Amino acid sequence: MKILIVDDSKAMRAIVMRALRQAGFAGHTMLEAANGIEALKTIRESSPDLVLCDLNMPGMSGMEVLCAVKQEGLCSRLGFVTAEASADLRLTAKQAGASFVIEKPFMPANFQEALEPLIGR
Amino acid sequence: MKFSETDICRITQSIWATVLGLEVRPAVGEDSKAPASDFLTGHVCIGGLWEGTAILCCSANLARQAAAIMFGSDNPGLEEVRDAVGELTNITGGNIKSLLAYSCHLSLPAVSEGKLAGLNEEGSVLLNQVRFECQGEPLEVSIAKGAPPTSDRVDRNQGIAGFRKNRRRYGH
């Protein structure tokens with residue numbers, strides 16, 4: 001399976017990948033994108049099974065990426081990994097079609113809990 | 001709106017332990033006498049029904065250690081160090097924002113060299129500041145109400161630009 005990690009911080013992309021490996025998802029192919037526009041291009045071209053997307057990014061936000069994925073009927077499931085996980089935001093994300101919201105800081109167990117129902121291990 | 005020292009401690013200790021595996025303790029004794037040039041300051045703006053700034057300031061040595069852990073590298077470059085401080089600031093700001101009862105949004109983080117100097121001309125008010133020690137290095141987390149305070153050297157105020165862009169996006 002292909003997992004796309006989207007964050008404008010290279011440090012955070014590295015941390016997410018490490019957490020995914022520690023959570024037991026090391027066997028999957030990890031792709032990266034540094035912004036929303038790059039993410040949408042990768043989703044169209046590579047059809048990742050799962051997208052882990054930051055919410056607050058310059059240019060195109062994570063929510064805008066999600067909306068574009070839904071509008072274009074792309075098959076990738078998308079969830080957010082964000083520092084801003086208020087109850088309002090979780091509801092908005094869910095209503096927009098996000099598969100999960102993981103709050104920063106996170107532990108590998110947070111990824112297990114969110115991702116195993118979607119893609120197994 | 002009050003942000004207690006307890007909340008700031010809890011948030012900061014949780015972030016540094018979870019993200020970096022580092023223990024952070026409240027500092028005892030006098031403030032560091034190291035020159036301002038030995039520090040990096042990150043800030044994020046919180047906007048909406050409450051407007052303020054979350055600021056993280058640490059020694060350059062501690063910033064390099066954080067970057068080394070994040071990137072799994074012995075010798076992180078300057079951009080990696082700034083990225084690490086920016087992301088730690090972002091997570092700190094997001095968690096501080098979660099203490100608010102209001103719906104607010106977060107700017108992109110901005111990182112500058114230097115130490116927090118104080119209030120800017122627009123009269124932001126420092127609400128609370130907690131000093132910590134991590135790996136023998138100084139760390140401060142501050143919350144200000146209003147526009148972000150200045151630091152000694154600000155190369156580019158990406159925080160304000162990002163906040164204004166997001167404010168337009170969210171219709172404020």
# chains A, B, ... in the order shown; residues from 1 in each chain; ligands from 1

$ residues_around --residues "stretch 141-147 of chain B" --least-positions-apart "4" --cutoff "6 Å" --atoms "only C-alpha atoms" --output "PyMOL selection string"
chain B and resi 51-56+124-130

$ write_last_selection --atoms "all heavy atoms" --output "mmCIF file, in the first residue's frame"
data_model
loop_
_atom_site.group_PDB
_atom_site.id
_atom_site.type_symbol
_atom_site.label_atom_id
_atom_site.label_comp_id
_atom_site.auth_asym_id
_atom_site.auth_seq_id
_atom_site.Cartn_x
_atom_site.Cartn_y
_atom_site.Cartn_z
ATOM 1 N N GLU B 51 -7.090 37.202 20.194
ATOM 2 C CA GLU B 51 -5.894 37.381 19.390
ATOM 3 C C GLU B 51 -4.668 37.446 20.286
ATOM 4 O O GLU B 51 -4.633 38.209 21.264
ATOM 5 C CB GLU B 51 -6.003 38.649 18.540
ATOM 6 C CG GLU B 51 -7.159 38.603 17.554
ATOM 7 C CD GLU B 51 -6.948 39.508 16.349
ATOM 8 O OE1 GLU B 51 -6.067 40.365 16.397
ATOM 9 O OE2 GLU B 51 -7.685 39.326 15.362
ATOM 10 N N GLY B 52 -3.696 36.655 19.944
ATOM 11 C CA GLY B 52 -2.469 36.635 20.730
ATOM 12 C C GLY B 52 -1.393 35.841 20.022
ATOM 13 O O GLY B 52 -1.521 35.485 18.852
ATOM 14 N N THR B 53 -0.335 35.576 20.754
ATOM 15 C CA THR B 53 0.829 34.923 20.170
ATOM 16 C C THR B 53 1.408 33.926 21.155
ATOM 17 O O THR B 53 1.501 34.205 22.349
ATOM 18 C CB THR B 53 1.921 35.968 19.855
ATOM 19 O OG1 THR B 53 1.330 37.076 19.192
ATOM 20 C CG2 THR B 53 3.006 35.385 18.989
ATOM 21 N N ALA B 54 1.763 32.774 20.659
ATOM 22 C CA ALA B 54 2.513 31.802 21.451
ATOM 23 C C ALA B 54 3.963 31.859 20.969
ATOM 24 O O ALA B 54 4.210 31.849 19.759
ATOM 25 C CB ALA B 54 1.942 30.404 21.280
ATOM 26 N N ILE B 55 4.881 31.948 21.913
ATOM 27 C CA ILE B 55 6.289 32.153 21.567
ATOM 28 C C ILE B 55 7.136 31.082 22.245
ATOM 29 O O ILE B 55 6.965 30.810 23.436
ATOM 30 C CB ILE B 55 6.759 33.542 22.060
ATOM 31 C CG1 ILE B 55 5.859 34.632 21.488
ATOM 32 C CG2 ILE B 55 8.220 33.791 21.669
ATOM 33 C CD1 ILE B 55 5.484 35.687 22.473
ATOM 34 N N LEU B 56 8.027 30.504 21.483
ATOM 35 C CA LEU B 56 8.960 29.531 22.023
ATOM 36 C C LEU B 56 10.365 30.045 21.750
ATOM 37 O O LEU B 56 10.693 30.390 20.619
ATOM 38 C CB LEU B 56 8.745 28.156 21.355
ATOM 39 C CG LEU B 56 9.584 26.980 21.860
ATOM 40 C CD1 LEU B 56 8.810 25.681 21.706
ATOM 41 C CD2 LEU B 56 10.900 26.855 21.118
ATOM 42 N N SER B 124 1.412 44.865 22.519
ATOM 43 C CA SER B 124 1.031 43.524 22.945
ATOM 44 C C SER B 124 1.425 43.339 24.401
ATOM 45 O O SER B 124 2.371 43.956 24.885
ATOM 46 C CB SER B 124 1.703 42.475 22.066
ATOM 47 O OG SER B 124 3.093 42.508 22.241
ATOM 48 N N VAL B 125 0.684 42.508 25.095
ATOM 49 C CA VAL B 125 0.890 42.324 26.531
ATOM 50 C C VAL B 125 1.329 40.898 26.796
ATOM 51 O O VAL B 125 0.666 39.949 26.381
ATOM 52 C CB VAL B 125 -0.420 42.612 27.292
ATOM 53 C CG1 VAL B 125 -0.249 42.331 28.778
ATOM 54 C CG2 VAL B 125 -0.866 44.050 27.057
ATOM 55 N N LEU B 126 2.441 40.755 27.484
ATOM 56 C CA LEU B 126 2.927 39.432 27.849
ATOM 57 C C LEU B 126 2.056 38.910 28.992
ATOM 58 O O LEU B 126 2.036 39.476 30.073
ATOM 59 C CB LEU B 126 4.386 39.530 28.272
ATOM 60 C CG LEU B 126 5.250 38.276 28.123
ATOM 61 C CD1 LEU B 126 5.322 37.822 26.684
ATOM 62 C CD2 LEU B 126 6.646 38.554 28.644
ATOM 63 N N LEU B 127 1.314 37.825 28.734
ATOM 64 C CA LEU B 127 0.398 37.301 29.751
ATOM 65 C C LEU B 127 1.097 36.351 30.716
ATOM 66 O O LEU B 127 0.805 36.338 31.902
ATOM 67 C CB LEU B 127 -0.761 36.568 29.075
ATOM 68 C CG LEU B 127 -1.689 37.424 28.212
ATOM 69 C CD1 LEU B 127 -2.782 36.552 27.595
ATOM 70 C CD2 LEU B 127 -2.299 38.556 29.025
ATOM 71 N N ASN B 128 1.973 35.523 30.189
ATOM 72 C CA ASN B 128 2.676 34.591 31.053
ATOM 73 C C ASN B 128 3.928 34.118 30.333
ATOM 74 O O ASN B 128 3.969 34.051 29.101
ATOM 75 C CB ASN B 128 1.790 33.388 31.416
ATOM 76 C CG ASN B 128 2.170 32.787 32.763
ATOM 77 O OD1 ASN B 128 3.289 32.978 33.243
ATOM 78 N ND2 ASN B 128 1.242 32.077 33.373
ATOM 79 N N GLN B 129 4.925 33.817 31.093
ATOM 80 C CA GLN B 129 6.179 33.317 30.543
ATOM 81 C C GLN B 129 6.752 32.300 31.519
ATOM 82 O O GLN B 129 6.856 32.586 32.717
ATOM 83 C CB GLN B 129 7.166 34.469 30.346
ATOM 84 C CG GLN B 129 8.490 34.059 29.712
ATOM 85 C CD GLN B 129 9.376 35.267 29.471
ATOM 86 O OE1 GLN B 129 9.984 35.794 30.389
ATOM 87 N NE2 GLN B 129 9.432 35.715 28.225
ATOM 88 N N VAL B 130 7.068 31.136 31.007
ATOM 89 C CA VAL B 130 7.614 30.092 31.869
ATOM 90 C C VAL B 130 8.987 29.700 31.342
ATOM 91 O O VAL B 130 9.144 29.426 30.148
ATOM 92 C CB VAL B 130 6.698 28.854 31.908
ATOM 93 C CG1 VAL B 130 7.264 27.809 32.873
ATOM 94 C CG2 VAL B 130 5.281 29.241 32.335
#

$ interface_residues --of "chain B" --to "chain A" --cutoff "9 Å" --atoms "only C-alpha atoms" --output "PyMOL selection string"
chain B and resi 14-16+18-19+67+70-72+80+83-84+86-87+90-95+97-98+103+105-108+162+165-166

$ residues_around --residues "A:Ile102" --least-positions-apart "6" --cutoff "7 Å" --atoms "only C-alpha atoms" --output "PDB file with C-alpha atoms, in the first residue's frame"
ATOM      1  CA  PHE A  80      -5.380  15.071   9.154  1.00  0.00           C
ATOM      2  CA  VAL A  81      -2.343  15.194  11.420  1.00  0.00           C
ATOM      3  CA  THR A  82      -2.564  18.582  13.040  1.00  0.00           C
ATOM      4  CA  ASN A 110      -2.333   7.027  17.744  1.00  0.00           C
TER       5      ASN A 110
END

$ atom_distance --atom1 "atom CA of A:Ala96" --atom2 "atom CA of A:Phe25"
26.0 Å

$ residues_around --residues "B:Gln13" --least-positions-apart "2" --cutoff "8 Å" --atoms "only C-alpha atoms" --output "ChimeraX atom specification"
/B:9-11,15-17,23-25

$ closest_residue --among "B:Cys57, B:Leu78, B:Leu49, B:Leu88" --to "B:Ala101" --atoms "only C-alpha atoms"
B:Leu49

$ atom_distance --atom1 "atom CA of B:Gly114" --atom2 "atom CA of B:Gly42"
9.8 Å

$ select_by_dssp --residues "stretch 13-148 of chain B" --states "strand (DSSP E)" --output "number ranges by chain"
B: 25-26, 39-48, 52-59, 104-106, 110-113, 116-118, 125-134, 137-145

$ closest_residue --among "A:Gln71, A:Leu40, A:Glu45, A:Leu50" --to "A:Gly120" --atoms "only C-alpha atoms"
A:Leu50

$ atom_distance --atom1 "atom CA of A:Ile3" --atom2 "atom CA of A:Ala26"
10.4 Å
